[in-house]
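Reproduced below: data11.txt, with compact mmCIF, C-alpha atoms.
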```txt
# COMPACT_ATOMS: atom_id res chain seq x y z
CA MET A 1 -10.18 -32.28 -75.06
CA ASP A 2 -12.30 -30.71 -77.76
CA GLN A 3 -10.61 -28.19 -80.01
CA ILE A 4 -11.46 -24.62 -78.93
CA VAL A 5 -12.79 -22.68 -81.90
CA PRO A 6 -12.31 -18.87 -81.96
CA ASP A 7 -15.32 -16.64 -82.59
CA VAL A 8 -14.25 -14.37 -85.45
CA ARG A 9 -16.55 -11.84 -87.08
CA ILE A 10 -16.01 -9.22 -89.77
CA GLN A 11 -18.87 -6.73 -89.72
CA ALA A 12 -19.89 -3.15 -90.48
CA GLU A 13 -21.86 -2.70 -87.27
CA ASP A 14 -20.49 -1.85 -83.84
CA PHE A 15 -20.03 -4.41 -81.05
CA ASP A 16 -20.91 -4.50 -77.35
CA VAL A 17 -17.83 -5.35 -75.27
CA ASN A 18 -19.78 -6.48 -72.20
CA GLU A 19 -22.03 -8.72 -74.25
CA GLU A 20 -19.00 -10.33 -75.89
CA ILE A 21 -17.33 -10.94 -72.52
CA ARG A 22 -20.54 -12.48 -71.22
CA LYS A 23 -20.62 -14.96 -74.14
CA LEU A 24 -17.13 -16.20 -73.20
CA THR A 25 -17.71 -16.47 -69.45
CA GLU A 26 -21.38 -17.15 -68.70
CA GLY A 27 -22.16 -20.49 -67.10
CA ARG A 28 -18.56 -21.64 -66.64
CA GLY A 29 -16.29 -21.76 -63.62
CA ASP A 30 -12.93 -22.43 -65.29
CA VAL A 31 -12.27 -18.91 -66.61
CA GLY A 32 -10.08 -16.95 -64.18
CA ALA A 33 -8.88 -14.22 -66.54
CA VAL A 34 -10.41 -12.11 -69.29
CA VAL A 35 -8.31 -9.65 -71.28
CA THR A 36 -9.98 -7.35 -73.79
CA PHE A 37 -8.36 -5.04 -76.30
CA SER A 38 -10.38 -2.43 -78.21
CA GLY A 39 -8.88 -0.47 -81.09
CA LEU A 40 -10.55 2.89 -81.78
CA CYS A 41 -10.41 5.39 -84.61
CA ARG A 42 -8.20 8.43 -83.79
CA ASP A 43 -8.71 11.89 -85.28
CA GLU A 44 -4.91 12.52 -85.52
CA GLY A 45 -5.02 15.96 -83.89
CA SER A 46 -8.50 16.81 -85.25
CA THR A 47 -7.33 16.42 -88.86
CA LEU A 48 -9.48 13.39 -89.71
CA SER A 49 -13.25 13.11 -90.04
CA ALA A 50 -13.18 9.32 -90.46
CA LEU A 51 -11.20 6.27 -91.44
CA GLU A 52 -12.54 4.00 -94.15
CA LEU A 53 -11.69 0.33 -93.70
CA GLU A 54 -11.52 -1.81 -96.81
CA HIS A 55 -11.18 -5.59 -96.47
CA TYR A 56 -10.86 -8.75 -98.49
CA PRO A 57 -14.09 -10.65 -97.72
CA GLY A 58 -13.47 -14.31 -96.97
CA MET A 59 -9.74 -14.00 -96.48
CA ALA A 60 -10.05 -11.42 -93.68
CA GLU A 61 -12.08 -13.85 -91.61
CA ALA A 62 -9.99 -16.89 -92.61
CA GLU A 63 -6.70 -15.17 -91.73
CA ILE A 64 -7.86 -13.94 -88.31
CA LYS A 65 -9.21 -17.44 -87.59
CA ARG A 66 -5.80 -18.89 -88.42
CA ILE A 67 -4.06 -16.41 -86.09
CA ALA A 68 -6.61 -16.89 -83.28
CA SER A 69 -6.36 -20.68 -83.52
CA ASP A 70 -2.56 -20.38 -83.21
CA ALA A 71 -2.99 -18.15 -80.14
CA ILE A 72 -5.40 -20.59 -78.47
CA GLN A 73 -2.95 -23.43 -79.00
CA ARG A 74 0.22 -21.52 -78.10
CA PHE A 75 -1.05 -19.95 -74.86
CA GLY A 76 -3.61 -22.54 -73.78
CA LEU A 77 -6.56 -20.15 -73.98
CA LEU A 78 -10.06 -21.18 -72.97
CA GLY A 79 -11.68 -18.88 -75.50
CA MET A 80 -11.03 -16.11 -77.98
CA THR A 81 -13.24 -13.59 -79.76
CA ALA A 82 -12.07 -11.23 -82.49
CA ILE A 83 -14.36 -8.72 -84.20
CA HIS A 84 -13.08 -6.37 -86.90
CA ARG A 85 -15.28 -3.70 -88.45
CA TYR A 86 -15.17 -2.38 -92.01
CA GLY A 87 -16.62 0.68 -93.75
CA LYS A 88 -16.46 4.29 -92.61
CA ILE A 89 -15.63 4.73 -88.92
CA ALA A 90 -15.69 8.05 -87.07
CA PRO A 91 -13.07 9.15 -84.50
CA GLY A 92 -13.82 7.64 -81.10
CA ASP A 93 -15.70 4.69 -82.58
CA ASN A 94 -14.59 1.07 -82.35
CA ILE A 95 -12.56 -0.62 -85.08
CA VAL A 96 -11.48 -3.90 -83.54
CA LEU A 97 -12.16 -6.02 -80.45
CA VAL A 98 -10.09 -8.91 -79.12
CA ILE A 99 -11.00 -10.94 -76.06
CA ALA A 100 -8.90 -13.78 -74.66
CA THR A 101 -9.88 -15.97 -71.71
CA SER A 102 -7.77 -18.40 -69.70
CA PRO A 103 -7.44 -19.85 -66.18
CA HIS A 104 -4.66 -17.37 -65.25
CA ARG A 105 -3.93 -13.85 -66.47
CA GLN A 106 -0.63 -14.19 -68.34
CA ALA A 107 -2.01 -16.44 -71.08
CA SER A 108 -4.85 -14.00 -71.79
CA PHE A 109 -2.54 -10.97 -71.89
CA ASP A 110 -0.15 -12.79 -74.23
CA GLY A 111 -2.93 -14.24 -76.39
CA ALA A 112 -4.60 -10.87 -77.00
CA ASN A 113 -1.22 -9.24 -77.70
CA TYR A 114 -0.17 -12.00 -80.11
CA LEU A 115 -3.44 -11.83 -82.01
CA MET A 116 -3.21 -8.06 -82.47
CA ASP A 117 0.44 -8.16 -83.56
CA PHE A 118 -0.31 -10.68 -86.30
CA LEU A 119 -3.64 -9.13 -87.24
CA LYS A 120 -1.95 -5.77 -87.94
CA THR A 121 0.44 -7.23 -90.50
CA ARG A 122 -1.42 -10.32 -91.84
CA ALA A 123 -5.17 -9.61 -91.86
CA PRO A 124 -6.22 -8.07 -95.19
CA PHE A 125 -7.58 -4.67 -94.16
CA TRP A 126 -6.56 -1.24 -95.45
CA LYS A 127 -7.33 2.16 -93.94
CA LYS A 128 -8.03 5.29 -95.96
CA GLU A 129 -8.14 8.68 -94.28
CA HIS A 130 -11.02 11.11 -94.73
CA MET A 131 -9.87 14.64 -93.94
CA ALA A 132 -11.75 17.03 -91.66
CA THR A 133 -11.36 19.70 -94.38
CA GLY A 134 -13.36 17.55 -96.78
CA GLU A 135 -10.32 16.97 -98.98
CA ALA A 136 -9.55 13.49 -100.24
CA GLY A 137 -7.23 11.66 -97.85
CA ASP A 138 -4.47 9.13 -98.40
CA TRP A 139 -4.19 5.44 -97.73
CA VAL A 140 -2.46 4.82 -94.40
CA ASP A 141 1.09 3.47 -94.77
CA ALA A 142 2.09 0.24 -93.07
CA LYS A 143 4.49 0.75 -90.17
CA ASP A 144 7.82 -1.02 -89.68
CA VAL A 145 7.12 -1.08 -85.95
CA ASP A 146 4.13 -3.37 -86.64
CA ASP A 147 6.36 -5.81 -88.54
CA GLN A 148 8.84 -5.77 -85.67
CA ALA A 149 6.05 -6.42 -83.16
CA MET A 150 5.05 -9.53 -85.10
CA GLU A 151 8.63 -10.74 -85.58
CA ARG A 152 9.35 -10.81 -81.83
CA TRP A 153 6.95 -13.75 -81.37
CA LYS A 154 9.00 -15.89 -83.73
CA SER A 155 12.06 -16.07 -81.48
CA SER A 156 10.26 -16.61 -78.16
CA MET B 157 -8.26 -17.19 -113.12
CA LYS B 158 -9.76 -14.43 -111.05
CA LEU B 159 -7.60 -11.46 -110.04
CA LEU B 160 -8.60 -9.21 -107.14
CA TYR B 161 -7.12 -5.79 -106.38
CA PHE B 162 -7.35 -3.85 -103.12
CA SER B 163 -6.63 -0.41 -101.68
CA TRP B 164 -4.49 1.94 -103.79
CA ILE B 165 -3.66 -0.89 -106.19
CA ARG B 166 -7.39 -1.22 -106.95
CA GLU B 167 -7.62 2.55 -107.51
CA ARG B 168 -4.58 2.70 -109.81
CA VAL B 169 -5.53 -0.26 -112.01
CA GLY B 170 -9.10 1.03 -112.12
CA MET B 171 -10.98 -2.16 -111.17
CA ASN B 172 -11.84 -4.38 -108.21
CA GLU B 173 -11.47 -7.66 -110.02
CA GLU B 174 -11.22 -9.32 -113.40
CA VAL B 175 -11.11 -12.77 -114.93
CA VAL B 176 -8.05 -13.46 -117.07
CA ASP B 177 -7.01 -16.31 -119.31
CA LEU B 178 -3.26 -16.67 -118.77
CA ASP B 179 -0.78 -17.94 -121.32
CA ASP B 180 0.85 -21.27 -120.52
CA ASN B 181 4.22 -19.58 -119.99
CA ILE B 182 2.92 -17.72 -116.91
CA LYS B 183 3.66 -20.30 -114.24
CA THR B 184 4.58 -18.40 -111.07
CA VAL B 185 3.52 -15.35 -109.07
CA SER B 186 6.59 -13.58 -110.41
CA ASP B 187 5.58 -14.37 -114.02
CA LEU B 188 2.11 -13.00 -113.32
CA MET B 189 3.51 -9.75 -111.90
CA SER B 190 5.75 -9.29 -114.97
CA TRP B 191 2.79 -9.82 -117.28
CA LEU B 192 0.62 -7.40 -115.29
CA LYS B 193 3.35 -4.76 -115.52
CA SER B 194 3.35 -5.10 -119.31
CA ARG B 195 -0.32 -4.12 -119.57
CA GLY B 196 0.45 -0.39 -119.46
CA ASP B 197 -1.30 2.54 -117.80
CA GLY B 198 -1.92 2.05 -114.08
CA PHE B 199 -0.55 -1.49 -114.16
CA GLU B 200 2.93 -0.43 -115.19
CA ALA B 201 3.22 2.03 -112.27
CA VAL B 202 1.82 -0.43 -109.71
CA PHE B 203 3.96 -3.40 -110.70
CA GLU B 204 7.16 -1.40 -111.20
CA HIS B 205 8.21 -2.41 -107.68
CA PRO B 206 6.78 -5.91 -107.15
CA GLN B 207 8.56 -6.29 -103.78
CA ILE B 208 6.10 -3.92 -102.10
CA ILE B 209 3.08 -5.89 -103.31
CA ARG B 210 1.56 -8.64 -101.17
CA VAL B 211 -0.01 -11.67 -102.82
CA ALA B 212 -2.58 -14.21 -101.67
CA LEU B 213 -3.40 -17.38 -103.60
CA ASP B 214 -6.89 -18.69 -102.86
CA GLN B 215 -7.02 -16.50 -99.74
CA GLU B 216 -3.68 -17.55 -98.23
CA HIS B 217 -0.58 -15.35 -98.09
CA VAL B 218 2.41 -16.37 -100.21
CA ASP B 219 5.86 -15.02 -99.37
CA ASP B 220 7.82 -16.58 -102.23
CA LEU B 221 7.28 -14.95 -105.63
CA GLU B 222 8.41 -18.19 -107.29
CA THR B 223 5.34 -20.01 -105.93
CA SER B 224 3.50 -21.89 -108.69
CA LEU B 225 0.06 -20.71 -109.80
CA GLU B 226 -0.99 -24.25 -110.70
CA HIS B 227 -4.53 -25.08 -109.46
CA THR B 228 -4.97 -21.51 -108.20
CA LYS B 229 -8.43 -20.06 -108.81
CA GLU B 230 -8.11 -16.65 -107.15
CA VAL B 231 -5.10 -14.34 -106.90
CA ALA B 232 -5.32 -11.22 -104.76
CA LEU B 233 -2.79 -8.37 -105.08
CA PHE B 234 -2.63 -5.72 -102.39
CA PRO B 235 -0.32 -3.34 -100.50
CA PRO B 236 0.97 -4.04 -96.97
CA MET B 237 -1.99 -4.31 -94.60
CA THR B 238 -3.05 -1.55 -92.19
CA GLY B 239 -5.97 -2.96 -90.20
CA GLY B 240 -6.48 -3.18 -86.47
```
Show the structure stored in the file as structure tokens.
Amino acid sequence: MDQIVPDVRIQAEDFDVNEEIRKLTEGRGDVGAVVTFSGLCRDEGSTLSALELEHYPGMAEAEIKRIASDAIQRFGLLGMTAIHRYGKIAPGDNIVLVIATSPHRQASFDGANYLMDFLKTRAPFWKKEHMATGEAGDWVDAKDVDDQAMERWKSS
Amino acid sequence: MKLLYFSWIRERVGMNEEVVDLDDNIKTVSDLMSWLKSRGDGFEAVFEHPQIIRVALDQEHVDDLETSLEHTKEVALFPPMTGG
């Protein structure tokens, strides 16, 4: 069987979820499950006007490809798309999209979950807050809970 | 060797990237961090606690600070990641 290559894109512009699902499913009869995850910018109780996403060009794409390729192999996925935006993103707008496809649902749920858990702690992106008051915001701190979410995949 | 800085590390050292010519006695990631700390100003504050800094050699994460820099062209130094 040919190696399944993930479709990974790092871009400033928004994405169209339906269009991305169509690319993974059109013209094939073997896909029985599609799981999508979208991550959106929150306003943290109306305190933020935007998040600014900085990334390491080259490595951001390479690292997500490594994680997505692992997910395809580990869960037997039929396809995987991951799109991560950078630049200034307003509350309610998209930051990240993950789509996993497989014959049955569990592999797609697990694949999308696995990709996000590793992406959070291994993909080189950093968020800076822009405050609604116009004041300079801080860089978002990494969360221990994200490290724990990644670690749980190592024992199972 | 090219050094890249991101996020608050970039802001505190005051540059995105630089090209450095390292002495022969700087052989590992740990040696590099010690040298960076000795450069004063923003560098000293950033590299005071090297355990919180993440390092990638030629765009791959390294977990062991004793990893050799031999044949490395690009070293990136950044805080824990917060994407997604």
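Residue-level contact on chain B: within 10 Å of chain A, counting all atoms listed in the file, the set is B:Leu160, B:Tyr161, B:Phe162, B:Ser163, B:Trp164, B:Arg210, B:Ala212, B:Asp214, B:Gln215, B:Glu216, B:His217, B:Ala232, B:Phe234, B:Pro235, B:Pro236, B:Met237, B:Thr238, B:Gly239, B:Gly240.
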Two-atom distance - CA of Ser224 in chain B, CA of Asp180 in chain B (Å):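 That distance, rounded to one decimal, is 12.1 Å.
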CA of Ser69 in chain A to CA of Gln148 in chain A, distance in Å rounded to a single decimal: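 Taking CA of Ser69 in chain A as the start and CA of Gln148 in chain A as the end point, the length is 21.4 Å.
Here CA of Asp14 in chain A and CA of Glu44 in chain A stand 21.3 Å from one another.
Excluding Leu213 in chain B and any residue on its chain fewer than 6 positions from it, the residues at most 9 Å away by all atoms listed in the file are Leu225, Thr228, Lys229, Glu230, Val231 and Ala232 of chain B.
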Residue nearest Gly92 in chain A - candidates A:Val8, A:Leu48, A:Val35, A:Met150, atoms counted: all atoms listed in the file: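 Smallest separation from Gly92 in chain A among the options: A:Leu48.
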Who sits within 7 Å of Phe203 in chain B, all atoms listed in the file, same chain under 6 positions skipped, as a PyMOL selection string: chain B and resi 189+192-193
For the residues selected in the previous step, produce a file with C-alpha atoms as an mmCIF file, in the frame of the given file.
```cif
data_model
loop_
_atom_site.group_PDB
_atom_site.id
_atom_site.type_symbol
_atom_site.label_atom_id
_atom_site.label_comp_id
_atom_site.auth_asym_id
_atom_site.auth_seq_id
_atom_site.Cartn_x
_atom_site.Cartn_y
_atom_site.Cartn_z
ATOM 1 C CA MET B 189 3.510 -9.750 -111.900
ATOM 2 C CA LEU B 192 0.620 -7.400 -115.290
ATOM 3 C CA LYS B 193 3.350 -4.760 -115.520
#
```
Nearest candidate to Thr36 in chain A (options A:Pro91, A:Pro103, A:Gly76, A:Gly111; using all atoms listed in the file): A:Gly111
Surrounding residues of Arg28 in chain A excluding itself and chain neighbours under 6 positions, 12 Å, all atoms listed in the file, as a PyMOL selection string: chain A and resi 22+78-79+101-103
Shell around Ala82 in chain A at 9 Å using all atoms listed in the file, local window under 4 positions removed, as a list of chain:residue names: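 Surrounding residues, per the criterion: A:Pro6, A:Asp7, A:Val8, A:Arg9, A:Ile10, A:Ile64, A:Lys65, A:Ala68, A:Val96, A:Leu97, A:Val98, A:Ile99, A:Ala100, A:Leu115.
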Using all atoms listed in the file: which of A:Asp43, A:Leu77, A:Ile4, A:Leu24 has the shortest distance to Asp110 in chain A: A:Leu77
Nearest residue to Asp177 in chain B from the set B:Ile165, B:Val218, B:Ala201, B:Leu159 (distances using only C-alpha atoms):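 Nearest to Asp177 in chain B: B:Leu159.
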With 8 Å on each side, where is the centre of the axis-aligned box around all listed atoms of range 195-213 of chain B, and how long are its edges in Å to one decimal, as lines of an AutoDock Vina configuration file?
```
center_x = 2.6
center_y = -7.4
center_z = -110.4
size_x = 28.0
size_y = 35.9
size_z = 34.4
```
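Every polymer residue reaching to within 8 Å of (5.5, -10.1, -103.7), counting all atoms listed in the file, appears in this list: B:Val185, B:Ser186, B:Pro206, B:Gln207, B:Ile208, B:Ile209, B:Arg210, B:Val211, B:Val218, B:Asp219, B:Asp220, B:Leu221.
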Add whatever atoms are absent from range 164-196 of chain B to reach N, CA and C atoms, and provide the output as a JSON list (two decimals), in the frame of the given file.
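Here's the written file rebuild_30.json:
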```json
[["chain", "number", "residue", "atom", "x", "y", "z"],
["B", 164, "TRP", "N", -4.95, 1.04, -102.72],
["B", 164, "TRP", "CA", -4.49, 1.94, -103.79],
["B", 164, "TRP", "C", -4.13, 1.18, -105.07],
["B", 165, "ILE", "N", -3.90, -0.11, -104.96],
["B", 165, "ILE", "CA", -3.66, -0.89, -106.19],
["B", 165, "ILE", "C", -4.96, -0.96, -107.00],
["B", 166, "ARG", "N", -6.07, -1.21, -106.31],
["B", 166, "ARG", "CA", -7.39, -1.22, -106.95],
["B", 166, "ARG", "C", -7.66, 0.12, -107.64],
["B", 167, "GLU", "N", -7.35, 1.22, -106.93],
["B", 167, "GLU", "CA", -7.62, 2.55, -107.51],
["B", 167, "GLU", "C", -6.75, 2.80, -108.75],
["B", 168, "ARG", "N", -5.48, 2.38, -108.68],
["B", 168, "ARG", "CA", -4.58, 2.70, -109.81],
["B", 168, "ARG", "C", -4.83, 1.83, -111.03],
["B", 169, "VAL", "N", -5.25, 0.57, -110.83],
["B", 169, "VAL", "CA", -5.53, -0.26, -112.01],
["B", 169, "VAL", "C", -6.96, -0.03, -112.49],
["B", 170, "GLY", "N", -7.77, 0.63, -111.68],
["B", 170, "GLY", "CA", -9.10, 1.03, -112.12],
["B", 170, "GLY", "C", -10.16, -0.06, -112.08],
["B", 171, "MET", "N", -9.94, -1.11, -111.30],
["B", 171, "MET", "CA", -10.98, -2.16, -111.17],
["B", 171, "MET", "C", -10.79, -2.96, -109.89],
["B", 172, "ASN", "N", -11.89, -3.54, -109.42],
["B", 172, "ASN", "CA", -11.84, -4.38, -108.21],
["B", 172, "ASN", "C", -11.34, -5.78, -108.53],
["B", 173, "GLU", "N", -11.81, -6.28, -109.66],
["B", 173, "GLU", "CA", -11.47, -7.66, -110.02],
["B", 173, "GLU", "C", -11.66, -7.87, -111.51],
["B", 174, "GLU", "N", -11.06, -8.95, -112.00],
["B", 174, "GLU", "CA", -11.22, -9.32, -113.40],
["B", 174, "GLU", "C", -10.92, -10.81, -113.55],
["B", 175, "VAL", "N", -11.42, -11.38, -114.63],
["B", 175, "VAL", "CA", -11.11, -12.77, -114.93],
["B", 175, "VAL", "C", -10.17, -12.76, -116.13],
["B", 176, "VAL", "N", -9.03, -13.45, -115.99],
["B", 176, "VAL", "CA", -8.05, -13.46, -117.07],
["B", 176, "VAL", "C", -7.75, -14.90, -117.49],
["B", 177, "ASP", "N", -7.41, -15.02, -118.77],
["B", 177, "ASP", "CA", -7.01, -16.31, -119.31],
["B", 177, "ASP", "C", -5.51, -16.22, -119.56],
["B", 178, "LEU", "N", -4.72, -16.84, -118.70],
["B", 178, "LEU", "CA", -3.26, -16.67, -118.77],
["B", 178, "LEU", "C", -2.61, -17.61, -119.77],
["B", 179, "ASP", "N", -1.57, -17.09, -120.43],
["B", 179, "ASP", "CA", -0.78, -17.94, -121.32],
["B", 179, "ASP", "C", -0.10, -19.04, -120.52],
["B", 180, "ASP", "N", 0.22, -20.13, -121.19],
["B", 180, "ASP", "CA", 0.85, -21.27, -120.52],
["B", 180, "ASP", "C", 2.22, -20.93, -119.93],
["B", 181, "ASN", "N", 2.87, -19.89, -120.50],
["B", 181, "ASN", "CA", 4.22, -19.58, -119.99],
["B", 181, "ASN", "C", 4.19, -18.76, -118.69],
["B", 182, "ILE", "N", 3.01, -18.42, -118.20],
["B", 182, "ILE", "CA", 2.92, -17.72, -116.91],
["B", 182, "ILE", "C", 2.66, -18.76, -115.83],
["B", 183, "LYS", "N", 3.74, -19.16, -115.16],
["B", 183, "LYS", "CA", 3.66, -20.30, -114.24],
["B", 183, "LYS", "C", 3.75, -19.92, -112.76],
["B", 184, "THR", "N", 4.35, -18.77, -112.47],
["B", 184, "THR", "CA", 4.58, -18.40, -111.07],
["B", 184, "THR", "C", 3.99, -17.02, -110.77],
["B", 185, "VAL", "N", 3.98, -16.68, -109.49],
["B", 185, "VAL", "CA", 3.52, -15.35, -109.07],
["B", 185, "VAL", "C", 4.38, -14.27, -109.74],
["B", 186, "SER", "N", 5.66, -14.52, -109.79],
["B", 186, "SER", "CA", 6.59, -13.58, -110.41],
["B", 186, "SER", "C", 6.27, -13.37, -111.90],
["B", 187, "ASP", "N", 5.96, -14.47, -112.60],
["B", 187, "ASP", "CA", 5.58, -14.37, -114.02],
["B", 187, "ASP", "C", 4.32, -13.52, -114.17],
["B", 188, "LEU", "N", 3.37, -13.74, -113.26],
["B", 188, "LEU", "CA", 2.11, -13.00, -113.32],
["B", 188, "LEU", "C", 2.35, -11.49, -113.14],
["B", 189, "MET", "N", 3.22, -11.16, -112.17],
["B", 189, "MET", "CA", 3.51, -9.75, -111.90],
["B", 189, "MET", "C", 4.16, -9.10, -113.13],
["B", 190, "SER", "N", 5.08, -9.84, -113.78],
["B", 190, "SER", "CA", 5.75, -9.29, -114.97],
["B", 190, "SER", "C", 4.73, -9.04, -116.07],
["B", 191, "TRP", "N", 3.82, -9.98, -116.24],
["B", 191, "TRP", "CA", 2.79, -9.82, -117.28],
["B", 191, "TRP", "C", 1.88, -8.63, -116.95],
["B", 192, "LEU", "N", 1.49, -8.51, -115.69],
["B", 192, "LEU", "CA", 0.62, -7.40, -115.29],
["B", 192, "LEU", "C", 1.29, -6.05, -115.58],
["B", 193, "LYS", "N", 2.59, -6.00, -115.29],
["B", 193, "LYS", "CA", 3.35, -4.76, -115.52],
["B", 193, "LYS", "C", 3.34, -4.37, -117.00],
["B", 194, "SER", "N", 3.29, -5.37, -117.87],
["B", 194, "SER", "CA", 3.35, -5.10, -119.31],
["B", 194, "SER", "C", 2.03, -4.59, -119.88],
["B", 195, "ARG", "N", 0.99, -4.52, -119.05],
["B", 195, "ARG", "CA", -0.32, -4.12, -119.57],
["B", 195, "ARG", "C", -0.51, -2.60, -119.65],
["B", 196, "GLY", "N", 0.52, -1.84, -119.27],
["B", 196, "GLY", "CA", 0.45, -0.39, -119.46],
["B", 196, "GLY", "C", -0.39, 0.35, -118.43]]
```
